[in-house]
>>> print(open('run19.cif').read())   # mmCIF, N, CA and C atoms
data_target
#
loop_
_atom_site.label_atom_id
_atom_site.label_comp_id
_atom_site.auth_asym_id
_atom_site.auth_seq_id
_atom_site.Cartn_x
_atom_site.Cartn_y
_atom_site.Cartn_z
N ASP A 1 13.80 -3.03 17.26
CA ASP A 1 12.85 -3.79 16.47
C ASP A 1 11.87 -2.81 15.81
N TYR A 2 11.89 -2.79 14.49
CA TYR A 2 11.07 -1.84 13.74
C TYR A 2 9.58 -2.01 14.03
N ALA A 3 9.10 -3.23 14.04
CA ALA A 3 7.66 -3.46 14.22
C ALA A 3 7.20 -2.96 15.59
N ALA A 4 8.00 -3.17 16.61
CA ALA A 4 7.64 -2.70 17.95
C ALA A 4 7.64 -1.17 18.01
N MET A 5 8.63 -0.56 17.38
CA MET A 5 8.68 0.91 17.34
C MET A 5 7.47 1.46 16.58
N LEU A 6 7.12 0.83 15.47
CA LEU A 6 5.96 1.24 14.69
C LEU A 6 4.69 1.14 15.54
N ALA A 7 4.51 0.01 16.21
CA ALA A 7 3.30 -0.19 17.02
C ALA A 7 3.22 0.84 18.14
N THR A 8 4.31 1.10 18.80
CA THR A 8 4.32 2.06 19.90
C THR A 8 4.02 3.47 19.39
N GLY A 9 4.72 3.88 18.34
CA GLY A 9 4.53 5.22 17.80
C GLY A 9 3.12 5.43 17.26
N LEU A 10 2.61 4.45 16.53
CA LEU A 10 1.27 4.58 15.96
C LEU A 10 0.21 4.58 17.06
N THR A 11 0.39 3.74 18.06
CA THR A 11 -0.55 3.72 19.19
C THR A 11 -0.56 5.07 19.89
N ASP A 12 0.62 5.62 20.14
CA ASP A 12 0.69 6.93 20.79
C ASP A 12 0.00 8.00 19.96
N LEU A 13 0.25 8.01 18.66
CA LEU A 13 -0.38 8.99 17.79
C LEU A 13 -1.90 8.84 17.79
N MET A 14 -2.36 7.62 17.61
CA MET A 14 -3.79 7.39 17.52
C MET A 14 -4.49 7.68 18.86
N THR A 15 -3.83 7.42 19.96
CA THR A 15 -4.38 7.71 21.28
C THR A 15 -4.50 9.21 21.50
N SER A 16 -3.57 9.97 20.91
CA SER A 16 -3.59 11.42 21.10
C SER A 16 -4.73 12.11 20.33
N LEU A 17 -5.30 11.43 19.38
CA LEU A 17 -6.40 11.99 18.60
C LEU A 17 -7.72 11.74 19.30
N THR A 18 -8.65 12.60 19.08
CA THR A 18 -9.96 12.44 19.70
C THR A 18 -10.62 11.15 19.23
N PRO A 19 -11.33 10.46 20.11
CA PRO A 19 -12.00 9.22 19.71
C PRO A 19 -13.05 9.41 18.62
N ALA A 20 -13.51 10.63 18.45
CA ALA A 20 -14.50 10.90 17.40
C ALA A 20 -13.88 11.00 16.02
N ARG A 21 -12.55 11.15 15.97
CA ARG A 21 -11.86 11.30 14.69
C ARG A 21 -11.70 9.93 14.03
N ARG A 22 -12.09 9.85 12.79
CA ARG A 22 -11.90 8.61 12.02
C ARG A 22 -10.48 8.59 11.48
N MET A 23 -9.87 7.41 11.52
CA MET A 23 -8.48 7.27 11.07
C MET A 23 -8.39 6.14 10.03
N LEU A 24 -7.75 6.44 8.94
CA LEU A 24 -7.51 5.45 7.89
C LEU A 24 -6.01 5.25 7.78
N ILE A 25 -5.57 4.07 8.11
CA ILE A 25 -4.15 3.73 8.06
C ILE A 25 -3.90 2.98 6.75
N VAL A 26 -2.96 3.51 5.96
CA VAL A 26 -2.60 2.88 4.69
C VAL A 26 -1.32 2.09 4.93
N GLY A 27 -1.40 0.79 4.71
CA GLY A 27 -0.24 -0.07 4.90
C GLY A 27 0.83 0.19 3.87
N PRO A 28 1.94 -0.54 3.98
CA PRO A 28 3.07 -0.31 3.08
C PRO A 28 2.75 -0.67 1.63
N VAL A 29 3.26 0.16 0.74
CA VAL A 29 3.15 -0.07 -0.69
C VAL A 29 4.16 -1.14 -1.09
N PRO A 30 3.80 -2.08 -1.95
CA PRO A 30 4.80 -3.06 -2.40
C PRO A 30 6.02 -2.35 -2.98
N GLU A 31 7.19 -2.79 -2.59
CA GLU A 31 8.42 -2.18 -3.08
C GLU A 31 8.95 -2.96 -4.28
N LEU A 32 9.34 -2.22 -5.29
CA LEU A 32 9.95 -2.83 -6.47
C LEU A 32 11.43 -3.06 -6.21
N LYS A 33 12.06 -3.87 -7.03
CA LYS A 33 13.50 -4.12 -6.87
C LYS A 33 14.32 -2.94 -7.37
N HIS A 34 13.80 -2.24 -8.37
CA HIS A 34 14.51 -1.11 -8.98
C HIS A 34 13.50 -0.02 -9.33
N PRO A 35 13.94 1.24 -9.41
CA PRO A 35 13.01 2.28 -9.86
C PRO A 35 12.38 1.87 -11.19
N VAL A 36 11.09 2.06 -11.31
CA VAL A 36 10.34 1.53 -12.44
C VAL A 36 10.86 2.02 -13.79
N LYS A 37 11.16 3.29 -13.92
CA LYS A 37 11.63 3.80 -15.21
C LYS A 37 12.97 3.18 -15.59
N ASN A 38 13.88 3.06 -14.62
CA ASN A 38 15.19 2.44 -14.88
C ASN A 38 15.01 0.99 -15.29
N CYS A 39 14.14 0.28 -14.59
CA CYS A 39 13.92 -1.12 -14.89
C CYS A 39 13.36 -1.32 -16.29
N LEU A 40 12.38 -0.50 -16.65
CA LEU A 40 11.78 -0.63 -17.98
C LEU A 40 12.79 -0.30 -19.08
N GLN A 41 13.63 0.71 -18.85
CA GLN A 41 14.67 1.04 -19.84
C GLN A 41 15.66 -0.10 -19.96
N ARG A 42 16.09 -0.66 -18.83
CA ARG A 42 17.04 -1.77 -18.83
C ARG A 42 16.42 -2.98 -19.53
N ALA A 43 15.15 -3.25 -19.26
CA ALA A 43 14.48 -4.38 -19.91
C ALA A 43 14.46 -4.19 -21.42
N GLN A 44 14.17 -2.97 -21.86
CA GLN A 44 14.13 -2.70 -23.29
C GLN A 44 15.51 -2.87 -23.92
N LEU A 45 16.54 -2.37 -23.25
CA LEU A 45 17.92 -2.47 -23.78
C LEU A 45 18.43 -3.90 -23.84
N THR A 46 18.00 -4.73 -22.90
CA THR A 46 18.50 -6.10 -22.83
C THR A 46 17.56 -7.11 -23.47
N GLY A 47 16.43 -6.63 -24.00
CA GLY A 47 15.50 -7.53 -24.66
C GLY A 47 14.62 -8.33 -23.70
N GLN A 48 14.57 -7.93 -22.45
CA GLN A 48 13.71 -8.61 -21.49
C GLN A 48 12.29 -8.05 -21.59
N PRO A 49 11.31 -8.83 -21.22
CA PRO A 49 9.94 -8.30 -21.24
C PRO A 49 9.75 -7.30 -20.10
N PRO A 50 8.86 -6.33 -20.27
CA PRO A 50 8.62 -5.37 -19.19
C PRO A 50 8.11 -6.04 -17.91
N GLN A 51 7.51 -7.21 -18.05
CA GLN A 51 7.02 -7.95 -16.88
C GLN A 51 8.14 -8.33 -15.92
N SER A 52 9.40 -8.29 -16.40
CA SER A 52 10.52 -8.61 -15.52
C SER A 52 10.69 -7.57 -14.41
N CYS A 53 10.03 -6.44 -14.54
CA CYS A 53 10.10 -5.39 -13.52
C CYS A 53 9.10 -5.61 -12.38
N ALA A 54 8.22 -6.56 -12.54
CA ALA A 54 7.24 -6.86 -11.51
C ALA A 54 7.91 -7.65 -10.37
N VAL A 55 7.23 -7.72 -9.23
CA VAL A 55 7.73 -8.49 -8.09
C VAL A 55 6.66 -9.49 -7.66
N ALA A 56 7.12 -10.58 -7.10
CA ALA A 56 6.19 -11.62 -6.65
C ALA A 56 5.43 -11.13 -5.41
N ARG A 57 4.13 -11.31 -5.43
CA ARG A 57 3.31 -10.90 -4.29
C ARG A 57 3.74 -11.63 -3.02
N ALA A 58 4.09 -12.89 -3.13
CA ALA A 58 4.52 -13.66 -1.96
C ALA A 58 5.76 -13.02 -1.31
N ASP A 59 6.68 -12.51 -2.13
CA ASP A 59 7.87 -11.84 -1.59
C ASP A 59 7.49 -10.56 -0.86
N VAL A 60 6.57 -9.80 -1.44
CA VAL A 60 6.10 -8.56 -0.82
C VAL A 60 5.45 -8.87 0.53
N GLU A 61 4.58 -9.86 0.55
CA GLU A 61 3.87 -10.20 1.78
C GLU A 61 4.84 -10.72 2.84
N ARG A 62 5.82 -11.49 2.44
CA ARG A 62 6.82 -12.00 3.38
C ARG A 62 7.64 -10.85 3.98
N ARG A 63 8.02 -9.90 3.13
CA ARG A 63 8.84 -8.77 3.57
C ARG A 63 8.12 -7.90 4.59
N HIS A 64 6.81 -7.76 4.45
CA HIS A 64 6.05 -6.87 5.32
C HIS A 64 5.25 -7.60 6.41
N ARG A 65 5.50 -8.87 6.61
CA ARG A 65 4.72 -9.67 7.57
C ARG A 65 4.70 -9.04 8.97
N GLU A 66 5.86 -8.69 9.51
CA GLU A 66 5.90 -8.13 10.87
C GLU A 66 5.25 -6.75 10.92
N THR A 67 5.43 -5.96 9.87
CA THR A 67 4.79 -4.65 9.82
C THR A 67 3.28 -4.80 9.87
N TRP A 68 2.75 -5.74 9.09
CA TRP A 68 1.30 -5.95 9.07
C TRP A 68 0.79 -6.47 10.40
N GLN A 69 1.54 -7.32 11.06
CA GLN A 69 1.12 -7.79 12.38
C GLN A 69 1.01 -6.61 13.35
N ALA A 70 1.99 -5.71 13.31
CA ALA A 70 1.96 -4.54 14.18
C ALA A 70 0.78 -3.63 13.83
N LEU A 71 0.58 -3.36 12.54
CA LEU A 71 -0.52 -2.48 12.13
C LEU A 71 -1.87 -3.05 12.52
N ARG A 72 -2.08 -4.32 12.26
CA ARG A 72 -3.37 -4.95 12.60
C ARG A 72 -3.62 -4.92 14.11
N SER A 73 -2.57 -5.17 14.87
CA SER A 73 -2.68 -5.17 16.33
C SER A 73 -3.09 -3.79 16.85
N VAL A 74 -2.47 -2.76 16.32
CA VAL A 74 -2.78 -1.40 16.76
C VAL A 74 -4.18 -0.99 16.32
N VAL A 75 -4.50 -1.16 15.07
CA VAL A 75 -5.79 -0.72 14.54
C VAL A 75 -6.95 -1.46 15.23
N ALA A 76 -6.73 -2.70 15.63
CA ALA A 76 -7.78 -3.46 16.31
C ALA A 76 -8.19 -2.82 17.64
N LYS A 77 -7.34 -2.00 18.22
CA LYS A 77 -7.62 -1.34 19.50
C LYS A 77 -8.49 -0.10 19.35
N PHE A 78 -8.68 0.36 18.13
CA PHE A 78 -9.37 1.63 17.89
C PHE A 78 -10.59 1.40 17.00
N PRO A 79 -11.79 1.50 17.57
CA PRO A 79 -13.00 1.28 16.76
C PRO A 79 -13.20 2.35 15.69
N ASN A 80 -12.50 3.45 15.81
CA ASN A 80 -12.64 4.55 14.85
C ASN A 80 -11.52 4.52 13.80
N ALA A 81 -10.91 3.34 13.62
CA ALA A 81 -9.80 3.22 12.66
C ALA A 81 -10.03 2.07 11.70
N ARG A 82 -9.50 2.25 10.51
CA ARG A 82 -9.50 1.21 9.48
C ARG A 82 -8.10 1.10 8.91
N LEU A 83 -7.82 -0.05 8.37
CA LEU A 83 -6.52 -0.34 7.78
C LEU A 83 -6.73 -0.85 6.37
N ILE A 84 -6.02 -0.26 5.39
CA ILE A 84 -6.13 -0.75 4.02
C ILE A 84 -4.76 -1.20 3.52
N ASP A 85 -4.78 -2.14 2.60
CA ASP A 85 -3.57 -2.75 2.07
C ASP A 85 -3.40 -2.41 0.58
N PRO A 86 -2.41 -1.56 0.24
CA PRO A 86 -2.18 -1.21 -1.16
C PRO A 86 -1.92 -2.42 -2.07
N VAL A 87 -1.49 -3.53 -1.49
CA VAL A 87 -1.27 -4.74 -2.29
C VAL A 87 -2.53 -5.12 -3.05
N GLU A 88 -3.67 -4.92 -2.42
CA GLU A 88 -4.94 -5.27 -3.06
C GLU A 88 -5.22 -4.44 -4.30
N ALA A 89 -4.64 -3.24 -4.37
CA ALA A 89 -4.90 -2.35 -5.50
C ALA A 89 -3.89 -2.54 -6.64
N VAL A 90 -2.65 -2.89 -6.34
CA VAL A 90 -1.62 -2.94 -7.39
C VAL A 90 -1.10 -4.34 -7.69
N CYS A 91 -1.65 -5.34 -7.01
CA CYS A 91 -1.19 -6.71 -7.25
C CYS A 91 -2.36 -7.60 -7.63
N ASP A 92 -2.05 -8.63 -8.41
CA ASP A 92 -3.03 -9.67 -8.61
C ASP A 92 -2.69 -10.80 -7.63
N ARG A 93 -3.18 -11.99 -7.82
CA ARG A 93 -2.95 -13.07 -6.86
C ARG A 93 -1.48 -13.45 -6.73
N GLU A 94 -0.70 -13.24 -7.78
CA GLU A 94 0.69 -13.69 -7.77
C GLU A 94 1.73 -12.59 -7.93
N THR A 95 1.34 -11.47 -8.56
CA THR A 95 2.33 -10.48 -8.99
C THR A 95 1.91 -9.07 -8.61
N CYS A 96 2.91 -8.27 -8.23
CA CYS A 96 2.70 -6.84 -7.99
C CYS A 96 3.31 -6.11 -9.19
N TRP A 97 2.47 -5.34 -9.85
CA TRP A 97 2.84 -4.73 -11.12
C TRP A 97 3.27 -3.27 -10.96
N PRO A 98 4.34 -2.86 -11.63
CA PRO A 98 4.76 -1.46 -11.57
C PRO A 98 4.04 -0.58 -12.59
N PHE A 99 3.23 -1.21 -13.43
CA PHE A 99 2.52 -0.48 -14.48
C PHE A 99 1.19 -1.17 -14.74
N GLY A 100 0.31 -0.45 -15.39
CA GLY A 100 -0.99 -0.99 -15.78
C GLY A 100 -1.28 -0.55 -17.20
N PRO A 101 -2.45 -0.84 -17.70
CA PRO A 101 -2.79 -0.49 -19.08
C PRO A 101 -2.76 1.02 -19.34
N LYS A 102 -2.94 1.81 -18.28
CA LYS A 102 -2.96 3.27 -18.47
C LYS A 102 -1.62 3.94 -18.19
N GLY A 103 -0.62 3.18 -17.72
CA GLY A 103 0.69 3.79 -17.48
C GLY A 103 1.37 3.29 -16.22
N LEU A 104 2.39 4.05 -15.79
CA LEU A 104 3.20 3.66 -14.64
C LEU A 104 2.45 3.90 -13.33
N LEU A 105 2.53 2.93 -12.44
CA LEU A 105 1.88 3.03 -11.14
C LEU A 105 2.82 3.57 -10.07
N TYR A 106 4.11 3.64 -10.39
CA TYR A 106 5.13 4.09 -9.44
C TYR A 106 5.93 5.25 -10.00
N LEU A 107 6.42 6.10 -9.10
CA LEU A 107 7.36 7.16 -9.47
C LEU A 107 8.79 6.63 -9.42
N ASP A 108 9.05 5.75 -8.47
CA ASP A 108 10.38 5.17 -8.29
C ASP A 108 10.17 3.72 -7.86
N LYS A 109 10.86 3.24 -6.84
CA LYS A 109 10.64 1.85 -6.48
C LYS A 109 9.67 1.65 -5.32
N ASP A 110 9.25 2.74 -4.66
CA ASP A 110 8.32 2.55 -3.55
C ASP A 110 7.37 3.72 -3.29
N HIS A 111 7.18 4.58 -4.29
CA HIS A 111 6.21 5.66 -4.18
C HIS A 111 5.26 5.59 -5.38
N LEU A 112 3.97 5.59 -5.07
CA LEU A 112 2.99 5.51 -6.14
C LEU A 112 2.96 6.80 -6.96
N SER A 113 2.75 6.65 -8.24
CA SER A 113 2.56 7.78 -9.14
C SER A 113 1.14 8.31 -8.95
N PRO A 114 0.82 9.44 -9.57
CA PRO A 114 -0.58 9.89 -9.51
C PRO A 114 -1.56 8.81 -10.00
N LEU A 115 -1.19 8.07 -11.03
CA LEU A 115 -2.06 7.00 -11.52
C LEU A 115 -2.18 5.89 -10.48
N GLY A 116 -1.07 5.51 -9.85
CA GLY A 116 -1.11 4.49 -8.81
C GLY A 116 -1.93 4.94 -7.61
N THR A 117 -1.80 6.20 -7.27
CA THR A 117 -2.58 6.76 -6.15
C THR A 117 -4.07 6.75 -6.49
N GLU A 118 -4.39 7.08 -7.73
CA GLU A 118 -5.79 7.04 -8.15
C GLU A 118 -6.34 5.62 -8.08
N MET A 119 -5.53 4.64 -8.50
CA MET A 119 -5.97 3.24 -8.41
C MET A 119 -6.22 2.85 -6.96
N LEU A 120 -5.32 3.27 -6.07
CA LEU A 120 -5.49 2.98 -4.65
C LEU A 120 -6.79 3.61 -4.14
N TYR A 121 -7.00 4.87 -4.48
CA TYR A 121 -8.23 5.55 -4.05
C TYR A 121 -9.47 4.84 -4.58
N ARG A 122 -9.47 4.53 -5.86
CA ARG A 122 -10.66 3.90 -6.45
C ARG A 122 -10.93 2.53 -5.82
N HIS A 123 -9.86 1.79 -5.54
CA HIS A 123 -10.03 0.46 -4.94
C HIS A 123 -10.62 0.55 -3.53
N PHE A 124 -10.22 1.58 -2.80
CA PHE A 124 -10.66 1.76 -1.42
C PHE A 124 -11.53 3.00 -1.24
N GLU A 125 -12.25 3.37 -2.26
CA GLU A 125 -13.03 4.61 -2.23
C GLU A 125 -13.98 4.65 -1.03
N GLY A 126 -14.61 3.54 -0.72
CA GLY A 126 -15.52 3.51 0.42
C GLY A 126 -14.81 3.85 1.73
N ASP A 127 -13.60 3.36 1.90
CA ASP A 127 -12.83 3.66 3.11
C ASP A 127 -12.40 5.13 3.14
N PHE A 128 -11.98 5.67 2.01
CA PHE A 128 -11.61 7.09 1.97
C PHE A 128 -12.82 7.97 2.22
N ARG A 129 -13.95 7.59 1.66
CA ARG A 129 -15.17 8.38 1.89
C ARG A 129 -15.56 8.30 3.37
N TRP A 130 -15.40 7.12 3.96
CA TRP A 130 -15.70 6.94 5.39
C TRP A 130 -14.84 7.86 6.25
N VAL A 131 -13.54 7.90 5.99
CA VAL A 131 -12.65 8.69 6.85
C VAL A 131 -12.98 10.17 6.77
N TYR A 132 -13.50 10.62 5.63
CA TYR A 132 -13.87 12.03 5.47
C TYR A 132 -15.31 12.29 5.89
N GLY A 133 -15.98 11.25 6.39
CA GLY A 133 -17.34 11.43 6.90
C GLY A 133 -18.42 11.38 5.85
N ASP A 134 -18.07 10.89 4.65
CA ASP A 134 -19.05 10.84 3.56
C ASP A 134 -19.87 9.55 3.54
N SER A 135 -19.54 8.62 4.44
CA SER A 135 -20.31 7.39 4.51
C SER A 135 -20.34 6.91 5.95
N PRO A 136 -21.30 6.09 6.31
CA PRO A 136 -21.42 5.65 7.71
C PRO A 136 -20.31 4.67 8.08
N ALA A 137 -20.07 4.56 9.37
CA ALA A 137 -19.13 3.57 9.88
C ALA A 137 -19.70 2.18 9.64
N ARG A 138 -18.81 1.21 9.50
CA ARG A 138 -19.32 -0.15 9.31
C ARG A 138 -19.20 -0.93 10.57
#
>>> encode(input="run19.cif", output="structure tokens")
Amino acid sequence: DYAAMLATGLTDLMTSLTPARRMLIVGPVPELKHPVKNCLQRAQLTGQPPQSCAVARADVERRHRETWQALRSVVAKFPNARLIDPVEAVCDRETCWPFGPKGLLYLDKDHLSPLGTEMLYRHFEGDFRWVYGDSPAR
């Protein structure tokens, strides 16, 4: 069971670190159906809108439900840990987008591009600053 293995491994790792160390756990990035560049090229060739490369947020959340249960369970045991969800940075209420007004958010189907990574950082800047000790614990 993947979720159980994840919970056990993450718990072991986090337990091995000093309690004074702040930990920021980044949850899974929404996965696209196809590598973004291939999908956009195919959409252009077939006359489909580029929006056809997006995925439904509900599908993403359903796919990662057990993973999130495991992550939340583990992080709740560690007062020096936080958990962030990339879905909040690259999805709206209904759709997870592979691109934004400034360009592609993905390198392939499940790795963020530098632009996507910047969006993630900006969305969770307070959490990133916290983990590096630049802001107080909440």
>>> residues_around(input="run19.cif", residues="segment 6-20 of chain A", least_positions_apart="3", cutoff="9 Å", atoms="only C-alpha atoms", output="count of residues only")
15
>>> select_by_dssp(input="run19.cif", residues="segment 1-131 of chain A", states="strand (DSSP E or B)", output="number ranges by chain")
A: 23-26, 55-56, 81-84, 91, 95-96, 99-100, 103-104, 106, 112
>>> closest_residue(input="run19.cif", among="A:Gln48, A:Val131, A:Tyr106, A:Lys33", to="Glu118 of chain A", atoms="only C-alpha atoms")
A:Tyr106
>>> residues_around(input="run19.cif", residues="Leu104 of chain A", least_positions_apart="2", cutoff="12 Å", atoms="only C-alpha atoms", output="number ranges by chain")
A: 35-37, 39-40, 50, 53-54, 90, 97-102, 106-109, 111-119
>>> closest_residue(input="run19.cif", among="A:Met5, A:Ser52, A:Phe124, A:Glu31", to="Asp110 of chain A", atoms="only C-alpha atoms")
A:Glu31
>>> atom_distance(input="run19.cif", atom1="atom N of Trp68 of chain A", atom2="atom C of Phe128 of chain A")
21.9 Å
